[in-house]
Structures are given as C-alpha cells and as structure tokens.
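Undergrad: One structure coming up, written as structure tokens, with questions to follow.
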Amino acid sequence: MSGICIKIHRYPKCSLVAICDQELINKTFREGKLKLEIEKEFYDDRRCSIKEAIDILDRAVQANLVGKKIIKAAIKHELVDPKAVIQIDGIPHVQIMKLDLLN
C-alpha cells in the first residue's frame, strides 16, 4: 500500500470521495484564517494504493483531496488542475466537483 486513506460518503443524490495521505490523519494545519483538520472519521475508512485511489477518483463526481502524494498523482492523471490546488501550511488541498453542463 502507498499510504493513502479513503472514505466514500454516500448521500441521497450523490457521493463525496475523501482521500488523503495516511501520515496526515488526525493532524491540523493552520495558515492565517485557514484551518485544515484531517479527521480520521472523514478520511479514513480504509487504506488503498495510489492506483486504486486514482481509479475511484476518476469516477467520482465530488472529491476532497489532501496531501502531496494523492494530489501529485491526481495532477499526473489529469484529474486535478494544478491551479486549483491551495496550500495550507505547506499541505496541498483541493476540492473537486464535476458538473454535467448538458442536464
């Protein structure tokens, strides 16, 4: 395993995939007024490889990613625009929402 934590939150109309680098679990990062809490309950349902996380992310409609490893892989696979990534105390974070403009 590559140290990736993942949890799929299922809601009536959609799902949210939360993925983070394992070493960030239960840590809090602050920068100015921004605060990023990497809570086990939100991100860590199970561990998986980078490849599995990318496969799941590719099918996701909404996602929340935190960490250098997962975001680097998501950018490499063109699932994240590097310009959308923010840094909070040196930790990369991005939220994704795919919109179907045809409906």
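Chains: A, B, ... in order of the structure tokens. Residues: from 1 per chain. Ligands: from 1, in order shown.
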Set the distance at 10 Å and use only C-alpha atoms: which residues neighbour Asp81 of chain A once local chain neighbours fewer than 4 positions away are removed? I'd like the list as a list in words.
TA: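 That gives Ile71, Ala74, Ile75, Lys76, Val85, Val94 and Ile96 of chain A.
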Undergrad: Could the residues in this selection be written to a file with C-alpha atoms, as a PDB file, in the first residue's frame?
TA:
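What ended up in result18.pdb:
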```
ATOM      1  CA  ILE A  71      -2.611  15.375  -5.339  1.00  0.00           C
ATOM      2  CA  ALA A  74      -4.283  13.286  -9.468  1.00  0.00           C
ATOM      3  CA  ILE A  75      -2.470  16.035 -11.382  1.00  0.00           C
ATOM      4  CA  LYS A  76      -0.372  13.452 -13.269  1.00  0.00           C
ATOM      5  CA  VAL A  85      -4.724  23.394  -5.548  1.00  0.00           C
ATOM      6  CA  VAL A  94      -8.169  20.600  -3.465  1.00  0.00           C
ATOM      7  CA  ILE A  96     -13.400  18.722  -6.985  1.00  0.00           C
TER       8      ILE A  96
END
```
Undergrad: Quick one: residues within 8 Å of Asn64 of chain A, only C-alpha atoms counted, chain neighbours fewer than 3 positions away excluded, as a VMD selection string?
TA: chain A and resid 16 to 19 93 to 96
Undergrad: What are the DSSP strand (DSSP E) residues of chain A, as a PyMOL selection string?
TA: chain A and resi 4-10+15-21+27-31+34-38+46-48+62-66+86-88+91-97
Undergrad: Using only C-alpha atoms, pick whichever of A:Ile54, A:Ile91, A:Ala73, A:Cys20 has the shortest atom-to-atom distance to Ile4 of chain A.
TA: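 Using only C-alpha atoms, Ile4 of chain A sits closest to A:Cys20.
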Undergrad: Name the closest residue to Tyr43 of chain A among the candidates A:Leu79, A:Ala60, A:Ile6, A:Leu65; distances are taken between atoms, counting only C-alpha atoms.
TA: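 Residue with the minimum atom-to-atom distance to Tyr43 of chain A: A:Ile6.
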Undergrad: Between A:Ile88, A:Arg30, A:Asp55, A:Ile25, which has the minimum distance to Phe42 of chain A (counting only C-alpha atoms)?
TA: A:Ile25
Undergrad: Could you tell me, as a ChimeraX atom specification, which residues of segment 6-88 of chain A DSSP assigns to helix (DSSP H, G or I) when given the backbone?
TA: /A:22-24,40-43,50-59,68-76,82-84
Undergrad: Could you pull the residues within 8 Å of Glu37 of chain A, counting only C-alpha atoms, minus those fewer than 5 positions along the same chain, as a ChimeraX atom specification?
TA: /A:26-29
Undergrad: Keeping only C-alpha atoms, write the selected residues to a file as a PDB file, in the first residue's frame.
TA:
```pdb
ATOM      1  CA  ASN A  26      -5.577  13.416  12.861  1.00  0.00           C
ATOM      2  CA  LYS A  27      -3.405  16.450  12.145  1.00  0.00           C
ATOM      3  CA  THR A  28      -4.462  20.085  11.941  1.00  0.00           C
ATOM      4  CA  PHE A  29      -2.843  22.731   9.762  1.00  0.00           C
TER       5      PHE A  29
END
```
Undergrad: When you draw a straight line from atom CA of Gln22 of chain A to atom CA of Gly90 of chain A, how long is it in Å?
TA: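 Going from atom CA of Gln22 of chain A over to atom CA of Gly90 of chain A, I get 16.0 Å.
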Undergrad: Excluding Gly3 of chain A and any residue of its chain fewer than 6 positions from it, enumerate the residues within 12 Å of it, using only C-alpha atoms, and give them as a list in words.
TA: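 So the residues in contact are Ile19, Cys20, Asp21, Gln22, Glu23, Leu24, Ile25, Asp44, Arg46, Arg47, Cys48, Ser49, Ile50, Lys51, Glu52, Ala53, Gly67, Lys68, Lys69 and Ile70 of chain A.
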Undergrad: In Å, rounded to a single decimal, give me how far atom CA of Leu57 of chain A is from atom CA of Glu39 of chain A.
TA: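 Atom-to-atom, atom CA of Glu39 of chain A and atom CA of Leu57 of chain A are spaced 19.5 Å apart.
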